[in-house]
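Notes to accompany the following structure.
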There are 2 protein chains.
Amino acid sequence: MEKNNFKILVVDDEPDIVEFIAYNLKKEGYDVCTANDGLDGIKIAEKEKPDLIILDIMMPRLDGVETCEHLRRNPMFKNTLIVFLTALGDEQSEIKGLNAGADDYIVKPIKPKLLLSRINALLRRLQPSEVPGKNQIGDFIIDMEQYLVHYKNEHYSLPRKEFELLNLLTSKPGKVFHRDEILNKVWGTEVIVGDRTIDVHIRKLRQRFGDDHIVTVKGIGYKFDS
Amino acid sequence: MEKNNFKILVVDDEPDIVEFIAYNLKKEGYDVCTANDGLDGIKIAEKEKPDLIILDIMMPRLDGVETCEHLRRNPMFKNTLIVFLTALGDEQSEIKGLNAGADDYIVKPIKPKLLLSRINALLRRLQPSEVPGKNQIGDFIIDMEQYLVHYKNEHYSLPRKEFELLNLLTSKPGKVFHRDEILNKVWGTEVIVGDRTIDVHIRKLRQRFGDDHIVTVKGIGYKFDS
DNA sequence: TTTTTTTGTTAACCTTTACTTAACATTAAT
DNA sequence: ATTAATGTTAAGTAAAGGTTAACAAAAAAA
């Protein structure tokens, strides 16, 4: 079920609930980490940098609303989605929670399908996370650290120029990279290589991965399309 | 109360409800427009380009879920927030609504303060619209980064000169571009091409998108009209 | 080191597409 | 009605990219 690379942190003081939520999120393909109270949650959040945090409200040491406010004060979590998941169903609590900076407020008992629908709705707005070192686009995972490309359960070790070219194109899927830009970013400003050089490397990538991914925009350059 | 400049479209077939919601949104400082059913809603949305749309589900002519799906198919509304506001409180309806592409699902009866808290929560995530590199005019979206033109749910990849010509004309809708100006901006001052060349490219654009958008101003040049 | 293999670049040629033009038709203005 | 401007079409031309093979350079292996 490895289909998305979003990471979700679940914070609740009841282990059974944490486990139940984590199980459902993992089944959906999310990467899940957990914490048992607010303070613990903040610590894990700082380490794991999740895309979304699910917070119980009533917790020992630091309650959910305070945790949310604390997180929101830290610019690191400006774009992190926060969802309250609580037994407190009254209007006042919900308003308080949302005004504390939360993105959603879901009332227990937990209905797994509904929870997932809401989580999915929130996450589909999130721009694909820019994790340096790894870059996932469509069927591709570009591992800059290992200079490896994973594609459809296979992994390829490409020559350097090919790798850098693919990495450039996939760094902004859809964007057309001008030939100049490609030369500058892949070959640098010092070296001057002929015009056909780019084409030859594009060709090699197409031979490896098929003709469907790299699109020529005549007169401009190339783009990666998923 | 003019504190934010977000525009919200309220779609519901019950005038009393529309008025009640609109009143509360206006009090909060939002710019509000309204529609009475799905079809009407789509028409108004295309004209007003709201940041957020509140949809009732049970409506004559086109129900809320269908309206939402229709909107989501149009790239113009890719970043528009959609919220269902409905009497249907069962889990299945809610899941269906969220999976249709909605960002939130709120159950009637309406609690004004809670509604506003949720609307505010959604809108504070909205990046300031008008992404540079994208040019939206009427039914057209000119994507300079991807060299793509979106038009009525289709997208077109035009040859360079055609793209640049359309991009020039749409950059100031209504303004008449003199033939000289077109030659300078699209062909540059160096190249000198015959007079009929412009016409041929205009013709190709008209073949693609219909004769209604590019207007000839005899003796002067051309303009784009929506 | 020398040899072998892999990777990078280039040149020559081929293919495709976009662009331009010329000739003629049509339209609009005076 | 006449004229000037624009519309249309098809054909020719130029430009851009694709392909291949040969060679050079670098890296790895012996």
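Naming works like this for the structure tokens: A, B, ... for the chains as they're shown, residue 1 at the start of each chain, ligands 1 onward in shown order.
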(request) Could the residues of chain D within 12 Å of chain B, counting only C-alpha atoms (C1' of nucleotides), be given as a PyMOL selection string, please? (result) chain D and resi 4-9+16
(request) From a DSSP pass on the backbone, collect the residues of stretch 12-61 of chain B flagged as helix (DSSP H, G or I) and hand them back as a PyMOL selection string. (result) chain B and resi 15-27+38-48
(request) Would you mind listing what lies within 12 Å of B:Arg160 as a PyMOL selection string, with only C-alpha atoms (C1' of nucleotides) counted and same-chain residues fewer than 6 positions away left out? (result) (chain A and resi 217-221) or (chain B and resi 144+147-149+166-167+186-187+201+205) or (chain C and resi 17-19) or (chain D and resi 16)
(request) Write out as a list in words every residue belonging to chain B that has an atom at most 6 Å from any atom of chain A, counting only C-alpha atoms. (result)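 Selected residues: Ile95, Asp103, Leu114, Ser117, Ala121, Glu145 and Gln146 of chain B.
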Save out the residues we just selected, all heavy atoms, as a compact mmCIF listing (two decimals), in the first residue's frame.
# COMPACT_ATOMS: atom_id res chain seq x y z
N ILE B 95 -18.84 11.03 3.42
CA ILE B 95 -17.69 10.43 2.72
C ILE B 95 -17.80 10.70 1.22
O ILE B 95 -16.83 11.08 0.57
CB ILE B 95 -17.65 8.90 2.99
CG1 ILE B 95 -17.26 8.65 4.45
CG2 ILE B 95 -16.67 8.22 2.06
CD1 ILE B 95 -17.40 7.22 4.89
N ASP B 103 -13.64 20.21 0.36
CA ASP B 103 -12.65 20.45 1.39
C ASP B 103 -13.23 20.36 2.79
O ASP B 103 -12.52 20.18 3.76
CB ASP B 103 -12.02 21.83 1.18
CG ASP B 103 -11.24 21.87 -0.11
OD1 ASP B 103 -10.14 21.32 -0.13
OD2 ASP B 103 -11.75 22.40 -1.12
N LEU B 114 -19.71 28.70 14.34
CA LEU B 114 -18.96 27.50 13.96
C LEU B 114 -18.68 27.51 12.46
O LEU B 114 -17.55 27.22 12.01
CB LEU B 114 -19.78 26.27 14.34
CG LEU B 114 -19.11 24.92 14.14
CD1 LEU B 114 -17.76 24.90 14.85
CD2 LEU B 114 -19.99 23.81 14.67
N SER B 117 -15.87 29.81 11.85
CA SER B 117 -14.59 29.24 12.28
C SER B 117 -14.05 28.27 11.25
O SER B 117 -12.85 28.24 10.95
CB SER B 117 -14.75 28.51 13.61
OG SER B 117 -14.86 29.44 14.66
N ALA B 121 -10.80 28.75 8.91
CA ALA B 121 -9.73 27.76 8.96
C ALA B 121 -9.31 27.35 7.55
O ALA B 121 -8.13 27.19 7.25
CB ALA B 121 -10.19 26.53 9.74
N GLU B 145 4.66 28.65 -17.60
CA GLU B 145 5.68 27.73 -17.11
C GLU B 145 5.63 26.40 -17.85
O GLU B 145 6.65 25.85 -18.24
CB GLU B 145 5.49 27.50 -15.62
CG GLU B 145 6.65 26.77 -14.98
CD GLU B 145 6.48 26.67 -13.48
OE1 GLU B 145 6.81 27.65 -12.80
OE2 GLU B 145 6.03 25.61 -13.00
N GLN B 146 4.44 25.92 -18.06
CA GLN B 146 4.29 24.62 -18.70
C GLN B 146 4.05 24.73 -20.20
O GLN B 146 3.90 23.73 -20.88
CB GLN B 146 3.12 23.86 -18.07
CG GLN B 146 3.25 23.65 -16.59
CD GLN B 146 2.39 22.49 -16.09
OE1 GLN B 146 2.11 21.54 -16.81
NE2 GLN B 146 1.97 22.57 -14.85
(request) Kindly determine which residues of chain C lie within 9 Å of chain A, considering only C-alpha atoms (C1' of nucleotides), and give the answer as a count of residues only. (result) 7
Show which residues sit within 10 Å of A:Asp40, as a PDB file with C-alpha atoms, in the first residue's frame. Count only C-alpha atoms (C1' of nucleotides), and ignore same-chain residues fewer than 3 positions away.
ATOM      1  CA  VAL A  11      -1.040  12.074  19.550  1.00  0.00           C
ATOM      2  CA  THR A  34       2.861   8.347  17.446  1.00  0.00           C
ATOM      3  CA  ALA A  35       3.106  10.126  20.785  1.00  0.00           C
ATOM      4  CA  ASN A  36       1.307   9.802  24.122  1.00  0.00           C
ATOM      5  CA  ASP A  37       0.799  13.389  25.228  1.00  0.00           C
ATOM      6  CA  LYS A  43       9.230  16.506  20.621  1.00  0.00           C
ATOM      7  CA  ILE A  44       8.348  13.844  18.044  1.00  0.00           C
ATOM      8  CA  ALA A  45       6.960  16.477  15.675  1.00  0.00           C
ATOM      9  CA  ARG A  61       0.909  17.276  30.866  1.00  0.00           C
ATOM     10  CA  LEU A  62      -0.116  19.472  27.889  1.00  0.00           C
ATOM     11  CA  THR A  67      -0.112  21.835  22.005  1.00  0.00           C
TER      12      THR A  67
END
Write out as a PDB file with N, CA and C atoms (P, O5', C5', C4', C3', O3' and C1' of nucleotides), in the first residue's frame each polymer residue whose atoms come within 12 Å of C:DA12, counting only C-alpha atoms (C1' of nucleotides); drop sequence neighbours fewer than 6 positions from it.
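Heads up, here's the output in result34.pdb:
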ATOM      1  N   ARG A 196      23.522  19.167 -29.547  1.00  0.00           N
ATOM      2  CA  ARG A 196      22.955  17.822 -29.663  1.00  0.00           C
ATOM      3  C   ARG A 196      23.205  16.981 -28.416  1.00  0.00           C
TER       4      ARG A 196
ATOM      5  P    DT D  19      14.652   9.104 -31.512  1.00  0.00           P
ATOM      6  O5'  DT D  19      15.941   8.774 -32.375  1.00  0.00           O
ATOM      7  C5'  DT D  19      15.794   8.592 -33.791  1.00  0.00           C
ATOM      8  C4'  DT D  19      17.135   8.251 -34.402  1.00  0.00           C
ATOM      9  C3'  DT D  19      17.947   7.197 -33.636  1.00  0.00           C
ATOM     10  O3'  DT D  19      18.043   6.063 -34.477  1.00  0.00           O
ATOM     11  C1'  DT D  19      19.313   9.044 -34.319  1.00  0.00           C
ATOM     12  P    DT D  20      18.570   4.704 -33.861  1.00  0.00           P
ATOM     13  O5'  DT D  20      20.084   4.683 -34.351  1.00  0.00           O
ATOM     14  C5'  DT D  20      20.368   4.946 -35.727  1.00  0.00           C
ATOM     15  C4'  DT D  20      21.827   5.310 -35.900  1.00  0.00           C
ATOM     16  C3'  DT D  20      22.797   4.403 -35.137  1.00  0.00           C
ATOM     17  O3'  DT D  20      23.437   3.569 -36.096  1.00  0.00           O
ATOM     18  C1'  DT D  20      23.429   6.712 -35.016  1.00  0.00           C
ATOM     19  P    DA D  21      24.360   2.375 -35.625  1.00  0.00           P
ATOM     20  O5'  DA D  21      25.785   3.027 -35.857  1.00  0.00           O
ATOM     21  C5'  DA D  21      26.016   3.834 -37.013  1.00  0.00           C
ATOM     22  C4'  DA D  21      27.321   4.573 -36.843  1.00  0.00           C
ATOM     23  C3'  DA D  21      28.436   3.736 -36.224  1.00  0.00           C
ATOM     24  O3'  DA D  21      29.658   4.034 -36.880  1.00  0.00           O
ATOM     25  C1'  DA D  21      28.113   5.682 -34.938  1.00  0.00           C
ATOM     26  P    DA D  22      30.922   3.119 -36.657  1.00  0.00           P
ATOM     27  O5'  DA D  22      32.098   4.192 -36.518  1.00  0.00           O
ATOM     28  C5'  DA D  22      31.972   5.472 -37.132  1.00  0.00           C
ATOM     29  C4'  DA D  22      32.744   6.480 -36.301  1.00  0.00           C
ATOM     30  C3'  DA D  22      34.006   5.902 -35.651  1.00  0.00           C
ATOM     31  O3'  DA D  22      35.085   6.794 -35.852  1.00  0.00           O
ATOM     32  C1'  DA D  22      32.661   6.951 -34.016  1.00  0.00           C
TER      33       DA D  22
END
(request) For atom CA of A:Pro75 and atom CA of A:Ile42, determine how far apart the two atoms are, in Å to one decimal place. (result)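 Answer for the atom CA of A:Pro75 to atom CA of A:Ile42 separation: 13.2 Å.
Computed from the coordinates, the atom CA of B:Leu85 to atom CA of A:Ile82 distance equals 22.0 Å.
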